[in-house]
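Shown below: work.cif, with mmCIF, C-alpha atoms and all ligand atoms.
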```cif
data_my_file
#
loop_
_atom_site.group_PDB
_atom_site.id
_atom_site.type_symbol
_atom_site.label_atom_id
_atom_site.label_comp_id
_atom_site.auth_asym_id
_atom_site.auth_seq_id
_atom_site.Cartn_x
_atom_site.Cartn_y
_atom_site.Cartn_z
ATOM 1 C CA MET A 1 0.000 0.000 0.000
ATOM 2 C CA GLY A 2 2.771 2.365 0.998
ATOM 3 C CA ASP A 3 2.309 6.050 0.325
ATOM 4 C CA MET A 4 -0.381 5.858 -2.322
ATOM 5 C CA ASP A 5 -3.489 8.040 -2.153
ATOM 6 C CA PRO A 6 -6.099 6.898 0.293
ATOM 7 C CA ILE A 7 -8.796 4.916 -1.508
ATOM 8 C CA ARG A 8 -12.198 6.527 -1.626
ATOM 9 C CA HIS A 9 -14.922 4.837 0.347
ATOM 10 C CA GLY A 10 -17.358 3.032 -1.913
ATOM 11 C CA VAL A 11 -18.238 -0.235 -3.572
ATOM 12 C CA TYR A 12 -15.945 -1.572 -6.274
ATOM 13 C CA THR A 13 -15.627 -4.602 -8.513
ATOM 14 C CA THR A 14 -12.607 -6.849 -8.194
ATOM 15 C CA ALA A 15 -11.387 -5.564 -11.573
ATOM 16 C CA GLN A 16 -11.681 -1.929 -10.459
ATOM 17 C CA LEU A 17 -9.754 -2.648 -7.270
ATOM 18 C CA ILE A 18 -6.992 -4.512 -9.065
ATOM 19 C CA ALA A 19 -6.665 -1.570 -11.455
ATOM 20 C CA MET A 20 -6.400 0.752 -8.467
ATOM 21 C CA VAL A 21 -4.118 -1.134 -6.067
ATOM 22 C CA GLY A 22 -2.993 -4.313 -7.834
ATOM 23 C CA ARG A 23 -3.613 -7.896 -6.749
ATOM 24 C CA THR A 24 -1.260 -7.650 -3.779
ATOM 25 C CA GLY A 25 -2.873 -4.428 -2.671
ATOM 26 C CA LEU A 26 -6.323 -6.006 -2.831
ATOM 27 C CA ALA A 27 -5.165 -9.009 -0.807
ATOM 28 C CA GLU A 28 -3.743 -6.593 1.754
ATOM 29 C CA LEU A 29 -7.015 -4.617 1.951
ATOM 30 C CA ILE A 30 -8.920 -7.853 2.542
ATOM 31 C CA ARG A 31 -6.394 -9.002 5.176
ATOM 32 C CA LEU A 32 -6.760 -5.666 6.997
ATOM 33 C CA GLU A 33 -10.556 -6.114 6.786
ATOM 34 C CA TYR A 34 -10.775 -2.736 5.061
ATOM 35 C CA ALA A 35 -12.287 -4.406 2.008
ATOM 36 C CA ARG A 36 -15.382 -6.476 2.712
ATOM 37 C CA GLN A 37 -16.874 -8.770 0.087
ATOM 38 C CA LEU A 38 -20.580 -8.003 -0.490
ATOM 39 C CA ARG A 39 -21.009 -10.663 -3.130
ATOM 40 C CA ARG A 40 -18.713 -12.432 -5.542
ATOM 41 C CA GLY A 41 -16.724 -9.794 -7.430
ATOM 42 C CA TRP A 42 -17.923 -6.788 -5.393
ATOM 43 C CA TYR A 43 -16.211 -5.233 -2.384
ATOM 44 C CA GLN A 44 -17.188 -2.552 0.093
ATOM 45 C CA LEU A 45 -14.372 -0.187 1.122
ATOM 46 C CA GLY A 46 -14.866 1.892 4.256
ATOM 47 C CA GLU A 47 -18.215 3.464 5.031
ATOM 48 C CA VAL A 48 -20.976 3.319 2.420
ATOM 49 C CA SER A 49 -24.732 3.832 2.576
ATOM 50 C CA GLN A 50 -27.006 0.968 3.639
ATOM 51 C CA ASN A 51 -28.961 1.329 0.404
ATOM 52 C CA LEU A 52 -25.846 0.713 -1.639
ATOM 53 C CA VAL A 53 -24.927 -2.382 0.378
ATOM 54 C CA ALA A 54 -28.504 -3.664 -0.005
ATOM 55 C CA ALA A 55 -28.460 -3.119 -3.778
ATOM 56 C CA ILE A 56 -25.223 -5.054 -4.269
ATOM 57 C CA GLN A 57 -26.275 -7.838 -1.908
ATOM 58 C CA ARG A 58 -29.605 -8.198 -3.699
ATOM 59 C CA GLY A 59 -27.576 -8.901 -6.817
ATOM 60 C CA GLY A 60 -27.716 -5.646 -8.796
ATOM 61 C CA VAL A 61 -26.454 -2.082 -8.651
ATOM 62 C CA LEU A 62 -27.945 1.024 -7.036
ATOM 63 C CA SER A 63 -30.046 2.800 -9.654
ATOM 64 C CA CYS A 64 -33.207 4.683 -10.398
ATOM 65 C CA VAL A 65 -34.605 6.839 -7.580
ATOM 66 C CA SER A 66 -31.969 5.668 -5.054
ATOM 67 C CA ALA A 67 -29.069 6.542 -7.367
ATOM 68 C CA LEU A 68 -30.608 9.960 -8.130
ATOM 69 C CA GLU A 69 -30.858 10.621 -4.406
ATOM 70 C CA HIS A 70 -27.194 9.654 -4.058
ATOM 71 C CA HIS A 71 -26.281 12.191 -6.774
ATOM 72 C CA GLY A 72 -28.106 14.981 -4.914
ATOM 73 C CA VAL A 73 -31.228 15.017 -7.077
ATOM 74 C CA TRP A 74 -34.491 15.926 -5.360
ATOM 75 C CA VAL A 75 -36.732 12.821 -5.376
ATOM 76 C CA PRO A 76 -39.998 12.030 -3.590
ATOM 77 C CA GLU A 77 -39.480 10.244 -0.284
ATOM 78 C CA GLY A 78 -40.085 6.524 -0.240
ATOM 79 C CA PRO A 79 -39.027 3.400 1.624
ATOM 80 C CA ASP A 80 -37.807 1.359 -1.376
ATOM 81 C CA VAL A 81 -34.217 0.726 -2.401
ATOM 82 C CA HIS A 82 -34.168 0.948 -6.203
ATOM 83 C CA VAL A 83 -31.972 -1.741 -7.697
ATOM 84 C CA ARG A 84 -31.160 -2.454 -11.318
ATOM 85 C CA ALA A 85 -30.222 -5.984 -12.281
ATOM 86 C CA ASP A 86 -26.762 -6.322 -13.779
ATOM 87 C CA SER A 87 -26.024 -9.229 -16.130
ATOM 88 C CA TRP A 88 -25.271 -11.553 -13.189
ATOM 89 C CA ALA A 89 -28.523 -10.722 -11.412
ATOM 90 C CA THR A 90 -30.552 -11.108 -14.604
ATOM 91 C CA ARG A 91 -29.422 -14.741 -14.718
ATOM 92 C CA ASN A 92 -29.369 -15.542 -11.003
ATOM 93 C CA ARG A 93 -31.863 -13.433 -9.103
ATOM 94 C CA LYS A 94 -35.575 -12.737 -9.285
ATOM 95 C CA GLY A 95 -35.738 -9.108 -8.189
ATOM 96 C CA PRO A 96 -37.786 -6.934 -7.985
ATOM 97 C CA PHE A 97 -35.571 -4.824 -10.211
ATOM 98 C CA CYS A 98 -36.247 -1.423 -11.752
ATOM 99 C CA ARG A 99 -36.671 -1.372 -15.511
ATOM 100 C CA GLN A 100 -36.166 1.268 -18.153
ATOM 101 C CA PHE A 101 -37.711 2.040 -21.526
ATOM 102 C CA GLY A 102 -35.635 0.274 -24.150
ATOM 103 C CA ARG A 103 -32.769 -2.158 -23.844
ATOM 104 C CA PRO A 104 -30.913 -2.896 -20.596
ATOM 105 C CA THR A 105 -27.703 -0.951 -19.968
ATOM 106 C CA PRO A 106 -24.416 -2.746 -19.234
ATOM 107 C CA THR A 107 -23.145 -2.274 -15.694
ATOM 108 C CA ALA A 108 -20.041 -0.188 -15.145
ATOM 109 C CA GLU A 109 -20.259 0.999 -11.542
ATOM 110 C CA ALA A 110 -21.949 0.137 -8.248
ATOM 111 C CA ILE A 111 -24.060 3.288 -8.555
ATOM 112 C CA ASP A 112 -25.666 4.267 -11.848
ATOM 113 C CA ASP A 113 -24.926 7.683 -13.336
ATOM 114 C CA VAL A 114 -27.694 10.291 -13.565
ATOM 115 C CA PRO A 115 -28.786 9.550 -17.180
ATOM 116 C CA THR A 116 -29.138 5.805 -16.524
ATOM 117 C CA ALA A 117 -30.882 6.419 -13.204
ATOM 118 C CA ILE A 118 -33.458 8.865 -14.608
ATOM 119 C CA ARG A 119 -34.288 6.458 -17.457
ATOM 120 C CA HIS A 120 -35.243 3.883 -14.828
ATOM 121 C CA ALA A 121 -36.988 6.407 -12.579
ATOM 122 C CA ALA A 122 -39.243 7.304 -15.524
ATOM 123 C CA ARG A 123 -40.895 3.917 -15.055
ATOM 124 C CA CYS A 124 -40.828 3.839 -11.234
ATOM 125 C CA LEU A 125 -42.093 7.340 -10.406
ATOM 126 C CA ASP A 126 -45.492 8.791 -11.164
ATOM 127 C CA THR A 127 -45.641 11.747 -13.555
ATOM 128 C CA GLU A 128 -45.318 14.344 -10.815
ATOM 129 C CA GLY A 129 -42.375 12.538 -9.205
ATOM 130 C CA PHE A 130 -40.658 12.229 -12.588
ATOM 131 C CA ILE A 131 -41.029 15.960 -13.261
ATOM 132 C CA VAL A 132 -39.757 16.728 -9.746
ATOM 133 C CA ALA A 133 -36.620 14.672 -10.446
ATOM 134 C CA CYS A 134 -36.084 16.188 -13.927
ATOM 135 C CA ASP A 135 -36.531 19.746 -12.591
ATOM 136 C CA SER A 136 -33.893 19.034 -9.969
ATOM 137 C CA ILE A 137 -31.481 17.475 -12.499
ATOM 138 C CA LEU A 138 -31.809 20.587 -14.688
ATOM 139 C CA ASN A 139 -31.600 23.012 -11.765
ATOM 140 C CA ARG A 140 -28.440 21.375 -10.438
ATOM 141 C CA ARG A 141 -26.999 21.243 -13.949
ATOM 142 C CA LEU A 142 -26.417 17.499 -13.757
ATOM 143 C CA MET A 143 -27.780 17.236 -17.298
ATOM 144 C CA THR A 144 -28.798 19.778 -19.949
ATOM 145 C CA TRP A 145 -32.214 19.940 -21.617
ATOM 146 C CA ASP A 146 -30.766 18.392 -24.765
ATOM 147 C CA GLN A 147 -29.210 15.528 -22.836
ATOM 148 C CA LEU A 148 -32.452 14.867 -20.991
ATOM 149 C CA GLU A 149 -34.530 14.855 -24.177
ATOM 150 C CA TYR A 150 -31.976 12.602 -25.854
ATOM 151 C CA GLN A 151 -32.316 10.012 -23.055
ATOM 152 C CA PHE A 152 -36.033 9.756 -23.761
ATOM 153 C CA ARG A 153 -35.971 10.009 -27.553
ATOM 154 C CA ASP A 154 -37.604 6.544 -27.860
ATOM 155 C CA ALA A 155 -39.852 6.755 -24.799
ATOM 156 C CA PRO A 156 -43.678 6.847 -24.939
ATOM 157 C CA THR A 157 -45.347 10.182 -25.659
ATOM 158 C CA ALA A 158 -46.479 10.491 -22.025
ATOM 159 C CA ILE A 159 -42.798 11.009 -21.146
ATOM 160 C CA ALA A 160 -42.389 13.724 -23.771
ATOM 161 C CA ARG A 161 -45.502 15.405 -22.384
ATOM 162 C CA ALA A 162 -44.063 15.236 -18.854
ATOM 163 C CA LEU A 163 -40.728 16.659 -20.055
ATOM 164 C CA SER A 164 -42.545 19.575 -21.684
ATOM 165 C CA ARG A 165 -43.829 20.509 -18.200
ATOM 166 C CA CYS A 166 -40.354 20.602 -16.615
ATOM 167 C CA ASP A 167 -38.822 23.840 -15.406
ATOM 168 C CA GLY A 168 -35.137 23.986 -14.508
ATOM 169 C CA ASP A 169 -35.671 27.144 -12.455
ATOM 170 C CA ALA A 170 -37.387 25.120 -9.733
ATOM 171 C CA GLU A 171 -35.281 25.082 -6.599
ATOM 172 C CA SER A 172 -36.973 22.297 -4.649
ATOM 173 C CA GLY A 173 -39.237 19.290 -5.038
ATOM 174 C CA PRO A 174 -42.124 20.811 -3.078
ATOM 175 C CA GLU A 175 -41.891 23.914 -5.273
ATOM 176 C CA THR A 176 -42.313 21.758 -8.385
ATOM 177 C CA MET A 177 -45.209 19.857 -6.789
ATOM 178 C CA ALA A 178 -47.005 23.081 -5.872
ATOM 179 C CA ARG A 179 -46.410 24.537 -9.362
ATOM 180 C CA LEU A 180 -47.822 21.472 -11.148
ATOM 181 C CA ARG A 181 -50.836 21.136 -8.852
ATOM 182 C CA LEU A 182 -51.713 24.837 -9.139
ATOM 183 C CA MET A 183 -51.298 24.696 -12.932
ATOM 184 C CA ASP A 184 -53.662 21.702 -13.024
ATOM 185 C CA LEU A 185 -56.223 23.942 -11.323
ATOM 186 C CA ARG A 186 -55.608 26.520 -14.063
ATOM 187 C CA LEU A 187 -54.250 29.074 -11.632
ATOM 188 C CA PRO A 188 -51.832 31.548 -13.244
ATOM 189 C CA VAL A 189 -48.619 30.534 -11.472
ATOM 190 C CA ARG A 190 -44.977 31.342 -12.153
ATOM 191 C CA ILE A 191 -41.869 30.286 -10.234
ATOM 192 C CA GLN A 192 -38.741 32.139 -9.103
ATOM 193 C CA VAL A 193 -40.163 35.563 -9.888
ATOM 194 C CA GLU A 194 -38.338 38.790 -9.049
ATOM 195 C CA VAL A 195 -40.988 40.887 -7.338
ATOM 196 C CA THR A 196 -38.568 43.677 -6.430
ATOM 197 C CA ASP A 197 -34.903 44.287 -7.217
ATOM 198 C CA ASP A 198 -33.987 42.421 -4.033
ATOM 199 C CA ASP A 199 -36.750 39.873 -3.708
ATOM 200 C CA ARG A 200 -37.141 36.687 -5.704
ATOM 201 C CA VAL A 201 -40.048 34.496 -4.609
ATOM 202 C CA ASP A 202 -40.672 30.750 -5.036
ATOM 203 C CA LEU A 203 -44.120 30.992 -6.618
ATOM 204 C CA LEU A 204 -46.303 33.897 -7.654
ATOM 205 C CA ILE A 205 -50.010 33.453 -8.376
ATOM 206 C CA GLY A 206 -51.347 36.164 -10.637
ATOM 207 C CA ASP A 207 -49.379 39.299 -9.936
ATOM 208 C CA TRP A 208 -49.732 39.667 -6.175
ATOM 209 C CA LEU A 209 -50.049 36.387 -4.256
ATOM 210 C CA ILE A 210 -46.670 35.025 -3.143
ATOM 211 C CA ILE A 211 -46.257 31.376 -2.138
ATOM 212 C CA GLU A 212 -43.031 30.628 -0.294
ATOM 213 C CA ILE A 213 -41.909 27.111 0.568
ATOM 214 C CA ASP A 214 -39.353 27.019 3.337
ATOM 215 C CA GLY A 215 -36.940 24.141 3.538
ATOM 216 C CA TRP A 216 -35.600 23.979 7.081
ATOM 217 C CA GLU A 217 -32.077 23.277 5.839
ATOM 218 C CA TYR A 218 -31.853 26.753 4.294
ATOM 219 C CA HIS A 219 -33.754 28.582 6.976
ATOM 220 C CA GLY A 220 -32.159 27.135 10.064
ATOM 221 C CA ASP A 221 -30.179 30.236 10.896
ATOM 222 C CA ARG A 222 -31.284 33.393 12.622
ATOM 223 C CA LYS A 223 -30.286 35.761 9.822
ATOM 224 C CA SER A 224 -32.334 34.132 7.057
ATOM 225 C CA PHE A 225 -35.250 33.619 9.466
ATOM 226 C CA GLN A 226 -35.279 37.372 10.101
ATOM 227 C CA HIS A 227 -34.702 38.129 6.408
ATOM 228 C CA ASP A 228 -37.820 36.191 5.391
ATOM 229 C CA ARG A 229 -40.051 38.009 7.858
ATOM 230 C CA THR A 230 -38.685 41.430 6.953
ATOM 231 C CA ARG A 231 -39.291 40.621 3.316
ATOM 232 C CA ASP A 232 -42.895 39.536 3.920
ATOM 233 C CA ARG A 233 -43.589 42.973 5.414
ATOM 234 C CA ARG A 234 -41.619 44.854 2.738
ATOM 235 C CA THR A 235 -43.552 43.176 -0.092
ATOM 236 C CA PHE A 236 -46.831 43.567 1.828
ATOM 237 C CA ARG A 237 -46.292 47.351 1.878
ATOM 238 C CA ILE A 238 -46.268 47.454 -1.922
ATOM 239 C CA GLY A 239 -49.342 45.246 -2.325
ATOM 240 C CA TYR A 240 -48.224 41.611 -2.148
ATOM 241 C CA HIS A 241 -49.619 38.932 0.137
ATOM 242 C CA THR A 242 -47.420 36.021 1.197
ATOM 243 C CA LEU A 243 -48.485 32.528 2.219
ATOM 244 C CA ARG A 244 -45.612 30.594 3.725
ATOM 245 C CA TYR A 245 -45.465 26.801 3.656
ATOM 246 C CA THR A 246 -43.140 24.064 4.828
ATOM 247 C CA TYR A 247 -42.047 20.903 3.081
ATOM 248 C CA ASP A 248 -44.545 18.911 5.189
ATOM 249 C CA ASP A 249 -47.407 21.277 4.278
ATOM 250 C CA ILE A 250 -46.890 20.593 0.589
ATOM 251 C CA VAL A 251 -45.897 16.924 0.637
ATOM 252 C CA PHE A 252 -48.109 15.592 3.437
ATOM 253 C CA ASP A 253 -50.904 18.136 3.903
ATOM 254 C CA TRP A 254 -51.600 19.513 0.442
ATOM 255 C CA ALA A 255 -55.417 19.502 0.758
ATOM 256 C CA ARG A 256 -55.328 21.900 3.687
ATOM 257 C CA SER A 257 -52.559 24.027 2.145
ATOM 258 C CA LEU A 258 -54.556 24.333 -1.074
ATOM 259 C CA THR A 259 -57.696 25.401 0.801
ATOM 260 C CA ASP A 260 -55.883 28.464 2.093
ATOM 261 C CA ILE A 261 -54.517 29.313 -1.353
ATOM 262 C CA GLN A 262 -58.003 28.982 -2.847
ATOM 263 C CA ARG A 263 -59.409 31.203 -0.096
ATOM 264 C CA ALA A 264 -56.813 33.858 -0.896
ATOM 265 C CA VAL A 265 -57.610 33.581 -4.616
ATOM 266 C CA ALA A 266 -61.360 33.796 -3.934
ATOM 267 C CA ALA A 267 -60.710 36.917 -1.877
ATOM 268 C CA GLY A 268 -59.025 38.421 -4.931
ATOM 269 C CA LEU A 269 -55.560 38.683 -3.409
ATOM 270 C CA HIS A 270 -53.824 37.403 -6.542
ATOM 271 C CA PRO A 271 -54.699 39.943 -9.267
ATOM 272 C CA ARG A 272 -53.720 43.557 -8.849
ATOM 273 C CA PRO A 273 -55.902 44.838 -6.016
ATOM 274 C CA ASN A 274 -58.186 47.770 -6.714
ATOM 275 C CA ARG A 275 -56.784 50.398 -4.468
ATOM 276 C CA ARG A 276 -59.355 52.583 -2.819
ATOM 277 C CA ARG A 277 -58.838 56.179 -3.886
ATOM 278 C CA VAL A 278 -58.386 58.533 -0.995
HETATM 279 ZN ZN ZN B 1 -36.937 2.213 -9.383
#
```
Conversion result in structure tokens:
Amino acid sequence: MGDMDPIRHGVYTTAQLIAMVGRTGLAELIRLEYARQLRRGWYQLGEVSQNLVAAIQRGGVLSCVSALEHHGVWVPEGPDVHVRADSWATRNRKGPFCRQFGRPTPTAEAIDDVPTAIRHAARCLDTEGFIVACDSILNRRLMTWDQLEYQFRDAPTAIARALSRCDGDAESGPETMARLRLMDLRLPVRIQVEVTDDDRVDLLIGDWLIIEIDGWEYHGDRKSFQHDRTRDRRTFRIGYHTLRYTYDDIVFDWARSLTDIQRAVAAGLHPRPNRRRV
């Protein structure tokens, strides 16, 4: 082993490890119990996620929704580990395995790349979940529009229709969910709108009703907490109304969240209010 670079934690094939450290190096890693065999031909090095271990032990590779999550893509929460069968698993194991439109892809790594993963997720997620994932891929610049469309060039038209509803400006999954659901109700909604020189809002219904969705990870500190409240009052002074929601409000309590939005719309808070002349 000597003074070579430390090996990155992860799951590797025997061939990958031999290319990295040689046969002697691999034997040494196994002897030191730093490399642990997950199944024939696959080794775990150091700390890796439980989902990844489960995928390899079930006989495939981590793919689909689980791989997207690993790459930092926003995906709907769910209990399943999404596993794609590699050529060994296709012959030896029953699954369940995630499928894609078109022919199977050869396995290169323990975790599928974003294009392979989204092709599988297109069959595992519902339309909304698929758009959420695509929005996030575009927003995080993990793929371009052209690359995304190319991946689905042979997919059914429902996929093309879903892609046409994607918006790479979306900054979170709940934001995409709210946008799609409000559009389905034919409400005039836009996302990431600059309402003043300093204020960009998550969603704007009509011209005056602001919908903000707060993720606790970005709002955990005192400064941004204060900033949000100061902004609500600043925009209120020039005619806007703000409804503020959390992740849970959108994902788990949409019916109630929507009721309040519909009340605000019914009260006429979304178009330009008719100011009373003094
Ligand atoms: Zn899947």
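From CA of Ile56 in chain A back to CA of Pro106 in chain A, the distance works out to 15.2 Å.
Residues matched by the PyMOL selection byres (((chain A and resi 151-163) around 10) and not hetatm) in this file: A:Gln100, A:Phe101, A:Gly102, A:Pro115, A:Thr116, A:Ile118, A:Arg119, A:Ala122, A:Arg123, A:Thr127, A:Glu128, A:Phe130, A:Ile131, A:Cys134, A:Asp135, A:Trp145, A:Asp146, A:Gln147, A:Leu148, A:Glu149, A:Tyr150, A:Ser164, A:Arg165, A:Cys166, A:Asp167.
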Write a file of the selected residues as a PDB file, in the frame of the given file, keeping C-alpha atoms.
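Result went into selection-v4.pdb, see below:
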```
ATOM      1  CA  GLN A 100     -36.166   1.268 -18.153  1.00  0.00           C
ATOM      2  CA  PHE A 101     -37.711   2.040 -21.526  1.00  0.00           C
ATOM      3  CA  GLY A 102     -35.635   0.274 -24.150  1.00  0.00           C
ATOM      4  CA  PRO A 115     -28.786   9.550 -17.180  1.00  0.00           C
ATOM      5  CA  THR A 116     -29.138   5.805 -16.524  1.00  0.00           C
ATOM      6  CA  ILE A 118     -33.458   8.865 -14.608  1.00  0.00           C
ATOM      7  CA  ARG A 119     -34.288   6.458 -17.457  1.00  0.00           C
ATOM      8  CA  ALA A 122     -39.243   7.304 -15.524  1.00  0.00           C
ATOM      9  CA  ARG A 123     -40.895   3.917 -15.055  1.00  0.00           C
ATOM     10  CA  THR A 127     -45.641  11.747 -13.555  1.00  0.00           C
ATOM     11  CA  GLU A 128     -45.318  14.344 -10.815  1.00  0.00           C
ATOM     12  CA  PHE A 130     -40.658  12.229 -12.588  1.00  0.00           C
ATOM     13  CA  ILE A 131     -41.029  15.960 -13.261  1.00  0.00           C
ATOM     14  CA  CYS A 134     -36.084  16.188 -13.927  1.00  0.00           C
ATOM     15  CA  ASP A 135     -36.531  19.746 -12.591  1.00  0.00           C
ATOM     16  CA  TRP A 145     -32.214  19.940 -21.617  1.00  0.00           C
ATOM     17  CA  ASP A 146     -30.766  18.392 -24.765  1.00  0.00           C
ATOM     18  CA  GLN A 147     -29.210  15.528 -22.836  1.00  0.00           C
ATOM     19  CA  LEU A 148     -32.452  14.867 -20.991  1.00  0.00           C
ATOM     20  CA  GLU A 149     -34.530  14.855 -24.177  1.00  0.00           C
ATOM     21  CA  TYR A 150     -31.976  12.602 -25.854  1.00  0.00           C
ATOM     22  CA  SER A 164     -42.545  19.575 -21.684  1.00  0.00           C
ATOM     23  CA  ARG A 165     -43.829  20.509 -18.200  1.00  0.00           C
ATOM     24  CA  CYS A 166     -40.354  20.602 -16.615  1.00  0.00           C
ATOM     25  CA  ASP A 167     -38.822  23.840 -15.406  1.00  0.00           C
TER      26      ASP A 167
END
```
Shell of 6 Å around ligand ZN 1 (chain B) (all atoms listed in the file), written as a ChimeraX atom specification | /A:64-65,82,98,120-121,124
Give me a file of those residues, with C-alpha atoms, as a short mmCIF file (atom, residue, chain, number, x, y, z; two decimals), in the frame of the given file.
```cif
data_model
loop_
_atom_site.label_atom_id
_atom_site.label_comp_id
_atom_site.auth_asym_id
_atom_site.auth_seq_id
_atom_site.Cartn_x
_atom_site.Cartn_y
_atom_site.Cartn_z
CA CYS A 64 -33.21 4.68 -10.40
CA VAL A 65 -34.60 6.84 -7.58
CA HIS A 82 -34.17 0.95 -6.20
CA CYS A 98 -36.25 -1.42 -11.75
CA HIS A 120 -35.24 3.88 -14.83
CA ALA A 121 -36.99 6.41 -12.58
CA CYS A 124 -40.83 3.84 -11.23
#
```
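Here CA of Ser63 in chain A stands at a distance of 28.7 Å from CA of Arg23 in chain A.
Using only C-alpha atoms, the nearest neighbour of Phe236 in chain A within the list A:Ser87, A:Thr259, A:Asn92, A:Thr196 is A:Thr196.
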Apply the PyMOL selection byres (((chain A and resi 262-269) around 12) and not hetatm) to the displayed file and report the matching residues as a PyMOL selection string.
-> chain A and resi 182+185-189+204-211+236+239-243+254-261+270-275
Near Ala35 in chain A, counting all atoms listed in the file, which residues have an atom at most 9 Å away, once you skip same-chain residues fewer than 3 positions from it, shown as a PyMOL selection string?
-> chain A and resi 26-32+43-46
Tell me which residues the PyMOL selection byres (((chain A and resi 80) around 10) and not hetatm) grabs here, as a ChimeraX atom specification.
-> /A:51,65-66,77-79,81-83
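Restricting the calculation to all atoms listed in the file, the smallest distance between Glu212 in chain A and any of A:His70, A:Arg229, A:Arg200, A:Arg244 is found for A:Arg244.
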Interatomic distance, CA of Ile137 in chain A to CA of Gly215 in chain A (Å, one decimal) = 18.2 Å
Within 10 Å of Asp214 in chain A, counting only C-alpha atoms, which residues qualify if same-chain residues fewer than 6 places away don't, as a ChimeraX atom specification?
-> /A:172,174-175,202,220,225,228,244-249
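Excluding Leu142 in chain A and any residue on its chain fewer than 2 positions from it, the residues at most 9 Å away by all atoms listed in the file are A:His71, A:Val73, A:Val114, A:Pro115, A:Ser136, A:Ile137, A:Leu138, A:Asn139, A:Arg140, A:Thr144.
If you measure from each of A:Arg36, A:Gly25, A:Ile111, A:Val48 to Leu62 in chain A using all atoms listed in the file, the closest one turns out to be A:Ile111.
Using all atoms listed in the file, the smallest distance between any of A:Pro76, A:Glu69, A:Gln57, A:Arg181 and Trp88 in chain A comes from A:Gln57.
Take the candidates A:Pro96, A:Gly59, A:Gly129, A:Gly22 and check each one against Thr176 in chain A using only C-alpha atoms; the shortest distance goes to A:Gly129.
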For range 70-74 of chain A, where the input has fewer atoms than it should, I would like all heavy atoms rebuilt and written as a PDB file, in the frame of the given file.
```
ATOM      1  N   HIS A  70     -28.630   9.668  -4.334  1.00  0.00           N
ATOM      2  CA  HIS A  70     -27.194   9.654  -4.058  1.00  0.00           C
ATOM      3  C   HIS A  70     -26.475  10.802  -4.781  1.00  0.00           C
ATOM      4  O   HIS A  70     -25.535  11.382  -4.247  1.00  0.00           O
ATOM      5  CB  HIS A  70     -26.602   8.309  -4.479  1.00  0.00           C
ATOM      6  CG  HIS A  70     -25.102   8.288  -4.490  1.00  0.00           C
ATOM      7  ND1 HIS A  70     -24.360   7.994  -3.370  1.00  0.00           N
ATOM      8  CD2 HIS A  70     -24.218   8.573  -5.468  1.00  0.00           C
ATOM      9  CE1 HIS A  70     -23.082   8.093  -3.667  1.00  0.00           C
ATOM     10  NE2 HIS A  70     -22.956   8.437  -4.932  1.00  0.00           N
ATOM     11  N   HIS A  71     -26.928  11.119  -5.988  1.00  0.00           N
ATOM     12  CA  HIS A  71     -26.281  12.191  -6.774  1.00  0.00           C
ATOM     13  C   HIS A  71     -26.782  13.589  -6.398  1.00  0.00           C
ATOM     14  O   HIS A  71     -26.434  14.563  -7.055  1.00  0.00           O
ATOM     15  CB  HIS A  71     -26.507  11.959  -8.269  1.00  0.00           C
ATOM     16  CG  HIS A  71     -25.767  10.758  -8.804  1.00  0.00           C
ATOM     17  ND1 HIS A  71     -24.397  10.654  -8.771  1.00  0.00           N
ATOM     18  CD2 HIS A  71     -26.219   9.605  -9.360  1.00  0.00           C
ATOM     19  CE1 HIS A  71     -24.037   9.484  -9.303  1.00  0.00           C
ATOM     20  NE2 HIS A  71     -25.119   8.832  -9.656  1.00  0.00           N
ATOM     21  N   GLY A  72     -27.651  13.674  -5.374  1.00  0.00           N
ATOM     22  CA  GLY A  72     -28.106  14.981  -4.914  1.00  0.00           C
ATOM     23  C   GLY A  72     -29.325  15.508  -5.646  1.00  0.00           C
ATOM     24  O   GLY A  72     -29.646  16.687  -5.563  1.00  0.00           O
ATOM     25  N   VAL A  73     -30.011  14.617  -6.372  1.00  0.00           N
ATOM     26  CA  VAL A  73     -31.228  15.017  -7.077  1.00  0.00           C
ATOM     27  C   VAL A  73     -32.401  14.956  -6.099  1.00  0.00           C
ATOM     28  O   VAL A  73     -32.489  14.037  -5.288  1.00  0.00           O
ATOM     29  CB  VAL A  73     -31.504  14.062  -8.268  1.00  0.00           C
ATOM     30  CG1 VAL A  73     -32.839  14.374  -8.936  1.00  0.00           C
ATOM     31  CG2 VAL A  73     -30.360  14.122  -9.265  1.00  0.00           C
ATOM     32  N   TRP A  74     -33.309  15.924  -6.211  1.00  0.00           N
ATOM     33  CA  TRP A  74     -34.491  15.926  -5.360  1.00  0.00           C
ATOM     34  C   TRP A  74     -35.449  14.850  -5.860  1.00  0.00           C
ATOM     35  O   TRP A  74     -35.880  14.887  -6.996  1.00  0.00           O
ATOM     36  CB  TRP A  74     -35.166  17.293  -5.413  1.00  0.00           C
ATOM     37  CG  TRP A  74     -35.850  17.604  -4.130  1.00  0.00           C
ATOM     38  CD1 TRP A  74     -35.412  18.446  -3.160  1.00  0.00           C
ATOM     39  CD2 TRP A  74     -37.075  17.035  -3.660  1.00  0.00           C
ATOM     40  NE1 TRP A  74     -36.294  18.428  -2.105  1.00  0.00           N
ATOM     41  CE2 TRP A  74     -37.313  17.572  -2.380  1.00  0.00           C
ATOM     42  CE3 TRP A  74     -37.983  16.111  -4.168  1.00  0.00           C
ATOM     43  CZ2 TRP A  74     -38.429  17.233  -1.617  1.00  0.00           C
ATOM     44  CZ3 TRP A  74     -39.088  15.767  -3.418  1.00  0.00           C
ATOM     45  CH2 TRP A  74     -39.301  16.322  -2.158  1.00  0.00           C
TER      46      TRP A  74
END
```
